[in-house]
file work-v3.cif (mmCIF, C-alpha atoms and all ligand atoms; chains and numbers go by the auth columns)
data_data
#
loop_
_atom_site.group_PDB
_atom_site.id
_atom_site.type_symbol
_atom_site.label_atom_id
_atom_site.label_comp_id
_atom_site.label_asym_id
_atom_site.label_seq_id
_atom_site.Cartn_x
_atom_site.Cartn_y
_atom_site.Cartn_z
_atom_site.B_iso_or_equiv
_atom_site.auth_seq_id
_atom_site.auth_asym_id
ATOM 1 C CA MET A 1 29.251 -43.674 -3.007 0.00 249 A
ATOM 2 C CA GLN A 2 25.568 -44.533 -3.341 0.00 250 A
ATOM 3 C CA LEU A 3 24.509 -45.545 -6.847 0.00 251 A
ATOM 4 C CA GLN A 4 21.920 -42.756 -7.017 0.00 252 A
ATOM 5 C CA ASP A 5 24.633 -40.187 -6.175 0.00 253 A
ATOM 6 C CA ILE A 6 26.899 -41.575 -8.889 0.00 254 A
ATOM 7 C CA LEU A 7 24.183 -41.157 -11.505 0.00 255 A
ATOM 8 C CA TYR A 8 23.355 -37.692 -10.193 0.00 256 A
ATOM 9 C CA SER A 9 27.017 -36.594 -10.436 0.00 257 A
ATOM 10 C CA GLN A 10 27.182 -37.861 -14.036 0.00 258 A
ATOM 11 C CA GLY A 11 24.224 -35.788 -15.213 0.00 259 A
ATOM 12 C CA PHE A 12 21.312 -38.235 -15.218 0.00 260 A
ATOM 13 C CA GLY A 13 18.972 -35.788 -13.491 0.00 261 A
ATOM 14 C CA THR A 14 17.916 -34.998 -9.940 0.00 262 A
ATOM 15 C CA ARG A 15 18.565 -37.603 -7.224 0.00 263 A
ATOM 16 C CA ARG A 16 14.877 -38.463 -7.380 0.00 264 A
ATOM 17 C CA ILE A 17 15.012 -39.113 -11.128 0.00 265 A
ATOM 18 C CA CYS A 18 18.210 -41.150 -10.682 0.00 266 A
ATOM 19 C CA ALA A 19 16.613 -43.212 -7.891 0.00 267 A
ATOM 20 C CA GLY A 20 13.630 -43.814 -10.208 0.00 268 A
ATOM 21 C CA LEU A 21 15.851 -44.990 -13.070 0.00 269 A
ATOM 22 C CA ILE A 22 17.558 -47.452 -10.731 0.00 270 A
ATOM 23 C CA GLN A 23 14.331 -48.745 -9.122 0.00 271 A
ATOM 24 C CA GLN A 24 12.770 -49.285 -12.551 0.00 272 A
ATOM 25 C CA GLY A 25 15.635 -51.584 -13.510 0.00 273 A
ATOM 26 C CA TYR A 26 17.304 -49.327 -16.085 0.00 274 A
ATOM 27 C CA VAL A 27 20.741 -49.399 -14.450 0.00 275 A
ATOM 28 C CA GLN A 28 23.526 -51.944 -14.439 0.00 276 A
ATOM 29 C CA VAL A 29 26.815 -51.512 -12.610 0.00 277 A
ATOM 30 C CA ASP A 30 30.129 -53.328 -12.390 0.00 278 A
ATOM 31 C CA LEU A 31 30.584 -54.286 -8.737 0.00 279 A
ATOM 32 C CA GLY A 32 33.758 -56.206 -9.562 0.00 280 A
ATOM 33 C CA ASN A 33 32.617 -59.031 -11.839 0.00 281 A
ATOM 34 C CA GLY A 34 31.131 -57.344 -14.875 0.00 282 A
ATOM 35 C CA LEU A 35 27.846 -55.468 -15.290 0.00 283 A
ATOM 36 C CA VAL A 36 24.953 -56.676 -13.118 0.00 284 A
ATOM 37 C CA ASP A 37 21.408 -55.371 -12.665 0.00 285 A
ATOM 38 C CA CYS A 38 21.026 -53.192 -9.612 0.00 286 A
ATOM 39 C CA ASP A 39 17.667 -51.806 -8.490 0.00 287 A
ATOM 40 C CA ASP A 40 18.732 -50.359 -5.125 0.00 288 A
ATOM 41 C CA PRO A 41 19.436 -46.590 -5.330 0.00 289 A
ATOM 42 C CA LEU A 42 21.291 -46.799 -1.996 0.00 290 A
ATOM 43 C CA GLN A 43 23.676 -49.535 -3.183 0.00 291 A
ATOM 44 C CA GLU A 44 27.207 -48.550 -2.097 0.00 292 A
ATOM 45 C CA VAL A 45 29.642 -48.644 -5.028 0.00 293 A
ATOM 46 C CA ASP A 46 33.404 -48.258 -4.873 0.00 294 A
ATOM 47 C CA VAL A 47 33.646 -45.346 -7.312 0.00 295 A
ATOM 48 C CA HIS A 48 36.765 -44.797 -9.427 0.00 296 A
ATOM 49 C CA GLU A 49 37.685 -43.281 -12.822 0.00 297 A
ATOM 50 C CA GLY A 50 36.362 -45.499 -15.578 0.00 298 A
ATOM 51 C CA LEU A 51 33.950 -47.460 -13.347 0.00 299 A
ATOM 52 C CA ALA A 52 31.594 -49.171 -15.785 0.00 300 A
ATOM 53 C CA TYR A 53 27.844 -48.770 -15.459 0.00 301 A
ATOM 54 C CA SER A 54 25.042 -48.560 -17.964 0.00 302 A
ATOM 55 C CA VAL A 55 21.805 -46.602 -18.076 0.00 303 A
ATOM 56 C CA GLN A 56 19.009 -47.810 -20.345 0.00 304 A
ATOM 57 C CA GLY A 57 21.442 -50.098 -22.123 0.00 305 A
ATOM 58 C CA VAL A 58 24.057 -47.401 -22.839 0.00 306 A
ATOM 59 C CA LEU A 59 27.476 -47.936 -21.287 0.00 307 A
ATOM 60 C CA TRP A 60 28.863 -44.892 -19.448 0.00 308 A
ATOM 61 C CA PRO A 61 32.294 -44.860 -17.840 0.00 309 A
ATOM 62 C CA TYR A 62 32.383 -42.824 -14.597 0.00 310 A
ATOM 63 C CA HIS A 63 34.458 -39.641 -14.856 0.00 311 A
ATOM 64 C CA ALA A 64 34.830 -37.259 -11.897 0.00 312 A
ATOM 65 C CA LYS A 65 35.365 -34.532 -14.503 0.00 313 A
ATOM 66 C CA ALA A 66 34.260 -34.777 -18.123 0.00 314 A
ATOM 67 C CA TYR A 67 36.758 -34.030 -20.901 0.00 315 A
ATOM 68 C CA VAL A 68 35.373 -34.549 -24.381 0.00 316 A
ATOM 69 C CA LEU A 69 36.382 -33.828 -27.927 0.00 317 A
ATOM 70 C CA LEU A 70 33.816 -32.784 -30.515 0.00 318 A
ATOM 71 C CA HIS A 71 34.195 -32.482 -34.281 0.00 319 A
ATOM 72 C CA LYS A 72 32.165 -29.339 -34.819 0.00 320 A
ATOM 73 C CA PRO A 73 30.196 -29.306 -38.054 0.00 321 A
ATOM 74 C CA ALA A 74 29.303 -26.048 -39.806 0.00 322 A
ATOM 75 C CA GLY A 75 25.937 -24.539 -38.945 0.00 323 A
ATOM 76 C CA TYR A 76 26.137 -24.678 -35.132 0.00 324 A
ATOM 77 C CA GLU A 77 26.722 -21.849 -32.655 0.00 325 A
ATOM 78 C CA CYS A 78 28.979 -22.357 -29.625 0.00 326 A
ATOM 79 C CA SER A 79 26.368 -20.911 -27.305 0.00 327 A
ATOM 80 C CA HIS A 80 23.656 -22.199 -24.987 0.00 328 A
ATOM 81 C CA LYS A 81 21.398 -19.427 -26.257 0.00 329 A
ATOM 82 C CA PRO A 82 22.111 -19.293 -29.992 0.00 330 A
ATOM 83 C CA SER A 83 20.737 -16.416 -32.018 0.00 331 A
ATOM 84 C CA ALA A 84 20.225 -17.947 -35.473 0.00 332 A
ATOM 85 C CA TRP A 85 21.636 -21.483 -35.668 0.00 333 A
ATOM 86 C CA PRO A 86 21.204 -24.570 -33.468 0.00 334 A
ATOM 87 C CA SER A 87 23.333 -24.766 -30.342 0.00 335 A
ATOM 88 C CA LEU A 88 26.422 -26.927 -30.539 0.00 336 A
ATOM 89 C CA TYR A 89 25.397 -28.412 -27.178 0.00 337 A
ATOM 90 C CA THR A 90 22.457 -30.182 -28.847 0.00 338 A
ATOM 91 C CA LEU A 91 25.062 -32.510 -30.426 0.00 339 A
ATOM 92 C CA LEU A 92 25.931 -33.866 -26.961 0.00 340 A
ATOM 93 C CA PRO A 93 23.921 -36.392 -24.952 0.00 341 A
ATOM 94 C CA PRO A 94 21.748 -34.880 -22.177 0.00 342 A
ATOM 95 C CA ALA A 95 23.945 -36.380 -19.418 0.00 343 A
ATOM 96 C CA LEU A 96 26.941 -34.299 -20.562 0.00 344 A
ATOM 97 C CA ARG A 97 24.781 -31.175 -20.689 0.00 345 A
ATOM 98 C CA GLN A 98 23.226 -31.779 -17.277 0.00 346 A
ATOM 99 C CA ARG A 99 26.250 -32.623 -15.130 0.00 347 A
ATOM 100 C CA PRO A 100 25.686 -30.650 -11.924 0.00 348 A
ATOM 101 C CA GLN A 101 27.919 -27.617 -11.458 0.00 349 A
ATOM 102 C CA LYS A 102 28.315 -25.144 -8.618 0.00 350 A
ATOM 103 C CA SER A 103 27.892 -22.278 -11.092 0.00 351 A
ATOM 104 C CA ALA A 104 24.606 -21.299 -12.741 0.00 352 A
ATOM 105 C CA VAL A 105 25.502 -23.078 -16.006 0.00 353 A
ATOM 106 C CA GLN A 106 25.211 -26.869 -15.941 0.00 354 A
ATOM 107 C CA GLY A 107 27.258 -29.430 -17.813 0.00 355 A
ATOM 108 C CA VAL A 108 30.320 -29.248 -20.021 0.00 356 A
ATOM 109 C CA GLN A 109 31.367 -25.966 -21.631 0.00 357 A
ATOM 110 C CA ALA A 110 33.407 -25.350 -24.772 0.00 358 A
ATOM 111 C CA VAL A 111 36.993 -24.247 -24.208 0.00 359 A
ATOM 112 C CA GLY A 112 36.957 -21.191 -26.457 0.00 360 A
ATOM 113 C CA ARG A 113 34.548 -20.747 -29.324 0.00 361 A
ATOM 114 C CA LEU A 114 34.450 -21.438 -33.023 0.00 362 A
ATOM 115 C CA ASP A 115 32.290 -19.389 -35.377 0.00 363 A
ATOM 116 C CA GLN A 116 29.046 -20.848 -36.683 0.00 364 A
ATOM 117 C CA ASP A 117 30.624 -21.599 -40.088 0.00 365 A
ATOM 118 C CA THR A 118 33.936 -22.944 -38.705 0.00 366 A
ATOM 119 C CA THR A 119 34.412 -26.716 -38.491 0.00 367 A
ATOM 120 C CA GLY A 120 36.840 -28.876 -36.536 0.00 368 A
ATOM 121 C CA MET A 121 38.249 -29.558 -33.161 0.00 369 A
ATOM 122 C CA LEU A 122 36.619 -28.385 -29.966 0.00 370 A
ATOM 123 C CA VAL A 123 37.325 -29.430 -26.374 0.00 371 A
ATOM 124 C CA LEU A 124 34.487 -29.358 -23.853 0.00 372 A
ATOM 125 C CA THR A 125 34.746 -29.917 -20.119 0.00 373 A
ATOM 126 C CA ASP A 126 33.149 -29.211 -16.749 0.00 374 A
ATOM 127 C CA ASP A 127 36.602 -28.561 -15.253 0.00 375 A
ATOM 128 C CA GLY A 128 36.313 -24.811 -14.588 0.00 376 A
ATOM 129 C CA PRO A 129 39.996 -24.189 -13.736 0.00 377 A
ATOM 130 C CA LEU A 130 41.062 -25.974 -16.954 0.00 378 A
ATOM 131 C CA ILE A 131 38.707 -23.825 -19.064 0.00 379 A
ATOM 132 C CA HIS A 132 40.207 -20.768 -17.386 0.00 380 A
ATOM 133 C CA ARG A 133 43.792 -21.947 -17.914 0.00 381 A
ATOM 134 C CA MET A 134 43.333 -22.964 -21.539 0.00 382 A
ATOM 135 C CA SER A 135 41.436 -19.795 -22.443 0.00 383 A
ATOM 136 C CA SER A 136 43.903 -17.471 -20.726 0.00 384 A
ATOM 137 C CA PRO A 137 46.032 -15.395 -23.138 0.00 385 A
ATOM 138 C CA ARG A 138 49.059 -16.344 -21.029 0.00 386 A
ATOM 139 C CA HIS A 139 48.500 -20.017 -21.788 0.00 387 A
ATOM 140 C CA HIS A 140 49.828 -20.160 -25.329 0.00 388 A
ATOM 141 C CA VAL A 141 48.305 -23.403 -26.601 0.00 389 A
ATOM 142 C CA PRO A 142 48.952 -23.450 -30.363 0.00 390 A
ATOM 143 C CA LYS A 143 45.906 -24.042 -32.538 0.00 391 A
ATOM 144 C CA VAL A 144 46.218 -24.990 -36.190 0.00 392 A
ATOM 145 C CA TYR A 145 43.673 -23.751 -38.732 0.00 393 A
ATOM 146 C CA GLU A 146 43.192 -24.874 -42.330 0.00 394 A
ATOM 147 C CA VAL A 147 42.071 -21.740 -44.126 0.00 395 A
ATOM 148 C CA THR A 148 40.468 -21.651 -47.564 0.00 396 A
ATOM 149 C CA THR A 149 40.916 -18.211 -49.101 0.00 397 A
ATOM 150 C CA ASP A 150 38.899 -16.409 -51.739 0.00 398 A
ATOM 151 C CA ASP A 151 41.901 -14.934 -53.552 0.00 399 A
ATOM 152 C CA PRO A 152 45.107 -16.802 -54.369 0.00 400 A
ATOM 153 C CA LEU A 153 47.728 -16.529 -51.626 0.00 401 A
ATOM 154 C CA ASP A 154 51.045 -14.883 -52.272 0.00 402 A
ATOM 155 C CA ALA A 155 54.352 -14.825 -50.419 0.00 403 A
ATOM 156 C CA LYS A 156 53.788 -11.234 -49.309 0.00 404 A
ATOM 157 C CA GLN A 157 50.533 -12.100 -47.515 0.00 405 A
ATOM 158 C CA VAL A 158 52.172 -15.046 -45.770 0.00 406 A
ATOM 159 C CA GLN A 159 55.098 -12.870 -44.643 0.00 407 A
ATOM 160 C CA ARG A 160 52.774 -10.152 -43.323 0.00 408 A
ATOM 161 C CA LEU A 161 50.851 -12.733 -41.279 0.00 409 A
ATOM 162 C CA LEU A 162 54.142 -13.919 -39.782 0.00 410 A
ATOM 163 C CA ASP A 163 55.396 -10.374 -39.131 0.00 411 A
ATOM 164 C CA GLY A 164 52.122 -9.311 -37.513 0.00 412 A
ATOM 165 C CA VAL A 165 49.037 -7.317 -38.480 0.00 413 A
ATOM 166 C CA VAL A 166 47.156 -4.717 -36.452 0.00 414 A
ATOM 167 C CA LEU A 167 43.519 -5.553 -35.648 0.00 415 A
ATOM 168 C CA ASP A 168 41.085 -2.863 -34.594 0.00 416 A
ATOM 169 C CA ASP A 169 40.707 -4.016 -30.940 0.00 417 A
ATOM 170 C CA SER A 170 44.408 -4.204 -30.075 0.00 418 A
ATOM 171 C CA PRO A 171 47.264 -1.732 -30.552 0.00 419 A
ATOM 172 C CA LYS A 172 49.787 -4.585 -30.530 0.00 420 A
ATOM 173 C CA PRO A 173 50.208 -6.447 -33.825 0.00 421 A
ATOM 174 C CA VAL A 174 49.046 -10.073 -33.776 0.00 422 A
ATOM 175 C CA ARG A 175 51.200 -12.556 -35.577 0.00 423 A
ATOM 176 C CA ALA A 176 50.875 -16.144 -36.702 0.00 424 A
ATOM 177 C CA ALA A 177 53.137 -18.575 -34.834 0.00 425 A
ATOM 178 C CA ALA A 178 53.436 -20.471 -38.130 0.00 426 A
ATOM 179 C CA CYS A 179 51.982 -19.886 -41.561 0.00 427 A
ATOM 180 C CA GLU A 180 52.362 -21.855 -44.755 0.00 428 A
ATOM 181 C CA ALA A 181 50.598 -21.692 -48.112 0.00 429 A
ATOM 182 C CA VAL A 182 49.807 -25.370 -48.729 0.00 430 A
ATOM 183 C CA ALA A 183 48.089 -24.632 -52.057 0.00 431 A
ATOM 184 C CA GLU A 184 47.026 -21.553 -53.986 0.00 432 A
ATOM 185 C CA HIS A 185 43.895 -21.120 -51.835 0.00 433 A
ATOM 186 C CA HIS A 186 44.875 -23.178 -48.779 0.00 434 A
ATOM 187 C CA LEU A 187 46.746 -21.636 -45.874 0.00 435 A
ATOM 188 C CA ARG A 188 47.823 -23.531 -42.748 0.00 436 A
ATOM 189 C CA LEU A 189 47.927 -21.031 -39.917 0.00 437 A
ATOM 190 C CA THR A 190 48.986 -21.584 -36.303 0.00 438 A
ATOM 191 C CA LEU A 191 47.826 -19.140 -33.625 0.00 439 A
ATOM 192 C CA THR A 192 48.658 -19.080 -29.939 0.00 440 A
ATOM 193 C CA GLU A 193 45.910 -16.652 -28.949 0.00 441 A
ATOM 194 C CA GLY A 194 42.192 -16.610 -29.626 0.00 442 A
ATOM 195 C CA LYS A 195 40.780 -13.197 -30.358 0.00 443 A
ATOM 196 C CA TYR A 196 37.258 -12.788 -31.736 0.00 444 A
ATOM 197 C CA HIS A 197 37.159 -13.808 -35.448 0.00 445 A
ATOM 198 C CA GLN A 198 40.944 -13.714 -35.361 0.00 446 A
ATOM 199 C CA VAL A 199 41.706 -15.740 -38.484 0.00 447 A
ATOM 200 C CA LYS A 200 39.082 -13.951 -40.568 0.00 448 A
ATOM 201 C CA ARG A 201 40.269 -10.535 -39.403 0.00 449 A
ATOM 202 C CA MET A 202 43.947 -11.369 -39.962 0.00 450 A
ATOM 203 C CA LEU A 203 43.256 -12.506 -43.516 0.00 451 A
ATOM 204 C CA ALA A 204 41.149 -9.394 -44.140 0.00 452 A
ATOM 205 C CA ALA A 205 44.065 -7.276 -42.848 0.00 453 A
ATOM 206 C CA VAL A 206 46.333 -8.669 -45.574 0.00 454 A
ATOM 207 C CA GLY A 207 43.722 -8.103 -48.278 0.00 455 A
ATOM 208 C CA ASN A 208 42.310 -11.618 -48.602 0.00 456 A
ATOM 209 C CA LYS A 209 39.071 -13.275 -47.439 0.00 457 A
ATOM 210 C CA VAL A 210 38.321 -16.517 -45.597 0.00 458 A
ATOM 211 C CA VAL A 211 35.770 -18.698 -47.377 0.00 459 A
ATOM 212 C CA GLY A 212 36.363 -21.844 -45.317 0.00 460 A
ATOM 213 C CA LEU A 213 37.847 -22.439 -41.861 0.00 461 A
ATOM 214 C CA HIS A 214 38.655 -25.702 -40.112 0.00 462 A
ATOM 215 C CA ARG A 215 40.564 -26.234 -36.838 0.00 463 A
ATOM 216 C CA SER A 216 42.731 -29.304 -37.376 0.00 464 A
ATOM 217 C CA GLN A 217 44.921 -29.390 -34.252 0.00 465 A
ATOM 218 C CA ILE A 218 45.086 -28.160 -30.653 0.00 466 A
ATOM 219 C CA GLY A 219 48.456 -28.327 -28.892 0.00 467 A
ATOM 220 C CA ALA A 220 50.195 -31.462 -30.165 0.00 468 A
ATOM 221 C CA MET A 221 46.965 -33.331 -30.863 0.00 469 A
ATOM 222 C CA PRO A 222 45.463 -33.469 -34.370 0.00 470 A
ATOM 223 C CA LEU A 223 41.738 -34.011 -34.854 0.00 471 A
ATOM 224 C CA PRO A 224 41.355 -37.825 -34.945 0.00 472 A
ATOM 225 C CA GLU A 225 40.451 -38.961 -38.465 0.00 473 A
ATOM 226 C CA ASP A 226 37.784 -41.353 -37.206 0.00 474 A
ATOM 227 C CA LEU A 227 35.882 -38.585 -35.423 0.00 475 A
ATOM 228 C CA LYS A 228 33.386 -37.458 -38.043 0.00 476 A
ATOM 229 C CA PRO A 229 31.577 -34.076 -38.087 0.00 477 A
ATOM 230 C CA GLY A 230 28.991 -34.001 -35.298 0.00 478 A
ATOM 231 C CA GLN A 231 30.617 -36.861 -33.346 0.00 479 A
ATOM 232 C CA TRP A 232 32.107 -36.591 -29.852 0.00 480 A
ATOM 233 C CA ARG A 233 34.193 -38.844 -27.638 0.00 481 A
ATOM 234 C CA TRP A 234 35.936 -38.913 -24.264 0.00 482 A
ATOM 235 C CA ILE A 235 39.528 -37.625 -24.144 0.00 483 A
ATOM 236 C CA SER A 236 42.115 -39.994 -22.653 0.00 484 A
ATOM 237 C CA ASP A 237 44.796 -38.845 -20.167 0.00 485 A
ATOM 238 C CA GLU A 238 47.471 -39.216 -22.873 0.00 486 A
ATOM 239 C CA GLU A 239 45.463 -37.050 -25.278 0.00 487 A
ATOM 240 C CA MET A 240 44.887 -34.492 -22.528 0.00 488 A
ATOM 241 C CA ALA A 241 48.644 -34.180 -22.071 0.00 489 A
ATOM 242 C CA LEU A 242 49.054 -33.602 -25.825 0.00 490 A
ATOM 243 C CA LEU A 243 46.292 -30.994 -25.812 0.00 491 A
ATOM 244 C CA THR A 244 47.503 -28.969 -22.869 0.00 492 A
ATOM 245 C CA GLY A 245 51.254 -29.548 -23.191 0.00 493 A
ATOM 246 C CA LYS A 246 51.370 -30.870 -19.598 0.00 494 A
HETATM 247 N N1 LIG B . 39.197 -17.427 -36.070 0.00 501 B
HETATM 248 C C1 LIG B . 38.044 -17.091 -36.697 0.00 501 B
HETATM 249 O O1 LIG B . 37.983 -16.095 -37.413 0.00 501 B
HETATM 250 N N2 LIG B . 36.978 -17.896 -36.506 0.00 501 B
HETATM 251 C C2 LIG B . 37.005 -19.021 -35.742 0.00 501 B
HETATM 252 O O2 LIG B . 35.994 -19.716 -35.617 0.00 501 B
HETATM 253 C C3 LIG B . 38.213 -19.358 -35.113 0.00 501 B
HETATM 254 C C4 LIG B . 39.300 -18.545 -35.293 0.00 501 B
#
call {"tool": "encode", "arguments": {"input": "work-v3.cif", "output": "structure tokens", "more": "lines below"}}
Ligand code: URA
result
Amino acid sequence: MQLQDILYSQGFGTRRICAGLIQQGYVQVDLGNGLVDCDDPLQEVDVHEGLAYSVQGVLWPYHAKAYVLLHKPAGYECSHKPSAWPSLYTLLPPALRQRPQKSAVQGVQAVGRLDQDTTGMLVLTDDGPLIHRMSSPRHHVPKVYEVTTDDPLDAKQVQRLLDGVVLDDSPKPVRAAACEAVAEHHLRLTLTEGKYHQVKRMLAAVGNKVVGLHRSQIGAMPLPEDLKPGQWRWISDEEMALLTGK
């Protein structure tokens, strides 16, 4: 693949912009013996997952599809057009937001949404079929939430969450796949579906109130401790298998 096409596919702008970056000497690529300067946009490169190249001194591994993990801080909306708070997408580098897509929306998209005030684990990708699969109600990926409650928890509330509560948009009761009071005001709740404000509405249905919400695990993968709020990183194949159960 030509070097300018590689950069284009990875979100560095139009082919013209990518050609300009290369001609101006901002790009290095590993042609087999480590990173070397390359100022020819038409340079043929043997492209493969993880191919190392750098743009303006920043190392970027080549990924045909982008799969990234973000530790969402509070105060960000999971929307490209937020209404009151900054968009979560501003936490990502422009290249991840600009990766060309066939659809109208460019770049990686969040798999499901977290509320503005919720913190924790979020997967983003430009793999449309994966977003569809992981968001589908039939794909029961368990998600673990650490819930801080306003009122002290009691055994009755925990049992009702396990038995199922009726929310106003669904005649069928929704139940927690697992639910444990870790402390007086700390509930660990596992859900396998993702209805709008589900945790907050479930807690309200049992007469309590959520005052803090953090997603600590998706599938079999916990949020890595070294990924601090606002930070992102690439997801490895092994982690992907833990996340999706495949
Ligand atoms: N449930 C909620 O109520 N909010 C979230 O952000 C996620 C799950």
call {"tool": "resolve_selection", "arguments": {"input": "work-v3.cif", "expression": "the PyMOL selection byres (((not hetatm)) within 9 of (chain B and resi 501))", "output": "ChimeraX atom specification"}}
result
/A:360-367,393,439,442-451,458,461-463
call {"tool": "residues_around", "arguments": {"input": "work-v3.cif", "residues": "Gly376 of chain A", "least_positions_apart": "5", "cutoff": "12 Å", "atoms": "all atoms listed in the file", "output": "JSON, numbers by chain"}}
result
{"A": [313, 314, 315, 349, 350, 351, 353, 354, 355, 356, 357, 358, 359, 381, 382, 383]}
call {"tool": "residues_around", "arguments": {"input": "work-v3.cif", "residues": "Ser302 of chain A", "least_positions_apart": "6", "cutoff": "10 Å", "atoms": "all atoms listed in the file", "output": "ChimeraX atom specification"}}
result
/A:255,274-278,283-285,308-310
call {"tool": "residues_near_point", "arguments": {"input": "work-v3.cif", "point": "(28.9, -39.6, 1.0)", "cutoff": "12 Å", "atoms": "all atoms listed in the file", "output": "VMD selection string"}}
result
chain A and resid 249 to 254 257 290 to 295
call {"tool": "resolve_selection", "arguments": {"input": "work-v3.cif", "expression": "the PyMOL selection byres (((chain A and resi 421) around 12) and not hetatm)", "output": "list in words"}}
result
Arg408, Leu409, Leu410, Asp411, Gly412, Val413, Val414, Leu415, Asp416, Asp417, Ser418, Pro419, Lys420, Val422, Arg423, Ala424, Gln446, Met450 and Ala453 of chain A
call {"tool": "residues_around", "arguments": {"input": "work-v3.cif", "residues": "segment 470-480 of chain A", "least_positions_apart": "2", "cutoff": "8 Å", "atoms": "all atoms listed in the file", "output": "VMD selection string"}}
result
chain A and resid 316 to 321 339 to 340 367 to 369 464 to 466 468 482
call {"tool": "write_last_selection", "arguments": {"input": "work-v3.cif", "atoms": "C-alpha atoms", "output": "short mmCIF file (atom, residue, chain, number, x, y, z; two decimals), in the frame of the given file"}}
result
data_model
loop_
_atom_site.label_atom_id
_atom_site.label_comp_id
_atom_site.auth_asym_id
_atom_site.auth_seq_id
_atom_site.Cartn_x
_atom_site.Cartn_y
_atom_site.Cartn_z
CA VAL A 316 35.37 -34.55 -24.38
CA LEU A 317 36.38 -33.83 -27.93
CA LEU A 318 33.82 -32.78 -30.52
CA HIS A 319 34.20 -32.48 -34.28
CA LYS A 320 32.16 -29.34 -34.82
CA PRO A 321 30.20 -29.31 -38.05
CA LEU A 339 25.06 -32.51 -30.43
CA LEU A 340 25.93 -33.87 -26.96
CA THR A 367 34.41 -26.72 -38.49
CA GLY A 368 36.84 -28.88 -36.54
CA MET A 369 38.25 -29.56 -33.16
CA SER A 464 42.73 -29.30 -37.38
CA GLN A 465 44.92 -29.39 -34.25
CA ILE A 466 45.09 -28.16 -30.65
CA ALA A 468 50.20 -31.46 -30.16
CA TRP A 482 35.94 -38.91 -24.26
#
call {"tool": "atom_distance", "arguments": {"input": "work-v3.cif", "atom1": "atom CA of Ala431 of chain A", "atom2": "atom CA of Ala452 of chain A"}}
result
18.5 Å
call {"tool": "resolve_selection", "arguments": {"input": "work-v3.cif", "expression": "the PyMOL selection byres (((chain A and resi 438) around 6) and not hetatm)", "output": "list in words"}}
result
Lys391, Val392, Ala424, Ala425, Ala426, Leu437 and Leu439 of chain A
call {"tool": "atom_distance", "arguments": {"input": "work-v3.cif", "atom1": "atom CA of Gln407 of chain A", "atom2": "atom CA of Ala429 of chain A"}}
result
10.5 Å
call {"tool": "closest_residue", "arguments": {"input": "work-v3.cif", "among": "A:Gly460, A:Pro341, A:Pro377, A:Gly467", "to": "Asp398 of chain A", "atoms": "only C-alpha atoms"}}
result
A:Gly460
call {"tool": "closest_residue", "arguments": {"input": "work-v3.cif", "among": "A:Ser484, A:Thr440, A:Ser384, A:Thr396", "to": "Val459 of chain A", "atoms": "only C-alpha atoms"}}
result
A:Thr396
call {"tool": "closest_residue", "arguments": {"input": "work-v3.cif", "among": "A:Asn456, A:Val303, A:Glu297, A:Ala343", "to": "Gly268 of chain A", "atoms": "all atoms listed in the file"}}
result
A:Val303
call {"tool": "build_atoms", "arguments": {"input": "work-v3.cif", "residues": "segment 451-459 of chain A", "atoms": "N, CA, C and O atoms", "output": "tab-separated table (two decimals), in the frame of the given file"}}
result
chain	number	residue	atom	x	y	z
A	451	LEU	N	43.22	-12.36	-42.05
A	451	LEU	CA	43.26	-12.51	-43.52
A	451	LEU	C	42.73	-11.24	-44.18
A	451	LEU	O	43.26	-10.81	-45.22
A	452	ALA	N	41.68	-10.64	-43.57
A	452	ALA	CA	41.15	-9.39	-44.14
A	452	ALA	C	42.23	-8.30	-44.08
A	452	ALA	O	42.36	-7.51	-45.02
A	453	ALA	N	43.03	-8.31	-43.01
A	453	ALA	CA	44.06	-7.28	-42.85
A	453	ALA	C	45.15	-7.37	-43.92
A	453	ALA	O	45.82	-6.38	-44.20
A	454	VAL	N	45.33	-8.56	-44.51
A	454	VAL	CA	46.33	-8.67	-45.57
A	454	VAL	C	45.66	-8.67	-46.96
A	454	VAL	O	46.29	-9.03	-47.96
A	455	GLY	N	44.39	-8.30	-46.99
A	455	GLY	CA	43.72	-8.10	-48.28
A	455	GLY	C	43.14	-9.37	-48.89
A	455	GLY	O	42.88	-9.41	-50.08
A	456	ASN	N	42.92	-10.40	-48.08
A	456	ASN	CA	42.31	-11.62	-48.60
A	456	ASN	C	41.00	-11.87	-47.84
A	456	ASN	O	40.60	-11.06	-47.01
A	457	LYS	N	40.36	-12.99	-48.10
A	457	LYS	CA	39.07	-13.28	-47.44
A	457	LYS	C	38.97	-14.77	-47.16
A	457	LYS	O	39.30	-15.59	-48.03
A	458	VAL	N	38.50	-15.11	-45.96
A	458	VAL	CA	38.32	-16.52	-45.60
A	458	VAL	C	36.99	-17.00	-46.15
A	458	VAL	O	35.95	-16.42	-45.88
A	459	VAL	N	37.04	-18.11	-46.91
A	459	VAL	CA	35.77	-18.70	-47.38
A	459	VAL	C	35.53	-20.08	-46.76
A	459	VAL	O	34.46	-20.66	-46.93
